[in-house]
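Down below is the structure, laid out as structure tokens.
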Amino acid sequence: MPEAGLIYKNKPLVRSGDKIYYGDPADKYIVCLTVESKKPFEDLELPEDVQIQLITTDPTVSKRKRVIKTAKKKGLFVSIDIAEAWLKRYLRGNES
């Protein structure tokens, strides 16, 4: 696990443009959060519509089949909580 950078509930968060990757790439799954729209707030832009994708890190699975689960939610905080719940469930082995 990286020593520097953002951590949420013991998992790394890495941002690249409008994408946020949540989870340890060494684990079996990670989550990709894609900010699809933003809304202005004072002098900032806040994420509004966020696509959530649970992705397997298994290199033997074709890229087309790596997305295991997907959802779309309003707001980053709700989305990251869903991402955390998905990761916890799938990494524990309760895949449903």
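Chain labels run A, B, ... following the order of the structure tokens; each chain numbers its residues from 1, and ligands are numbered from 1 in the order shown.
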TODO: Compile the contact shell of A:Lys38 as a PyMOL selection string: residues with an atom at most 12 Å away, counting only C-alpha atoms, same-chain residues fewer than 2 positions apart removed.
DONE: chain A and resi 18+34-36+40-41+44-50+74-76
Open item on the list: Need to verify the contact set: A:Leu87, 12 Å, only C-alpha atoms, exclusion of same-chain residues closer than 5 positions in sequence. Can you return it as a PyMOL selection string?
Closed with: chain A and resi 9-11+21-25+27-32+52-56+68-69+80-82+92-96
- [ ] Extract the full set of strand (DSSP E or B) residues from chain A according to DSSP on the backbone, and format it as a PyMOL selection string.
- [x] chain A and resi 6-8+11-16+19-22+29-41+44-56+67-74
Task: Between atom CA of A:Lys73 and atom CA of A:Leu33, distance in Å (one decimal) - done: 10.1 Å
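Coordinates place atom CA of A:Ser79 at a distance of 27.9 Å from atom CA of A:Thr60.
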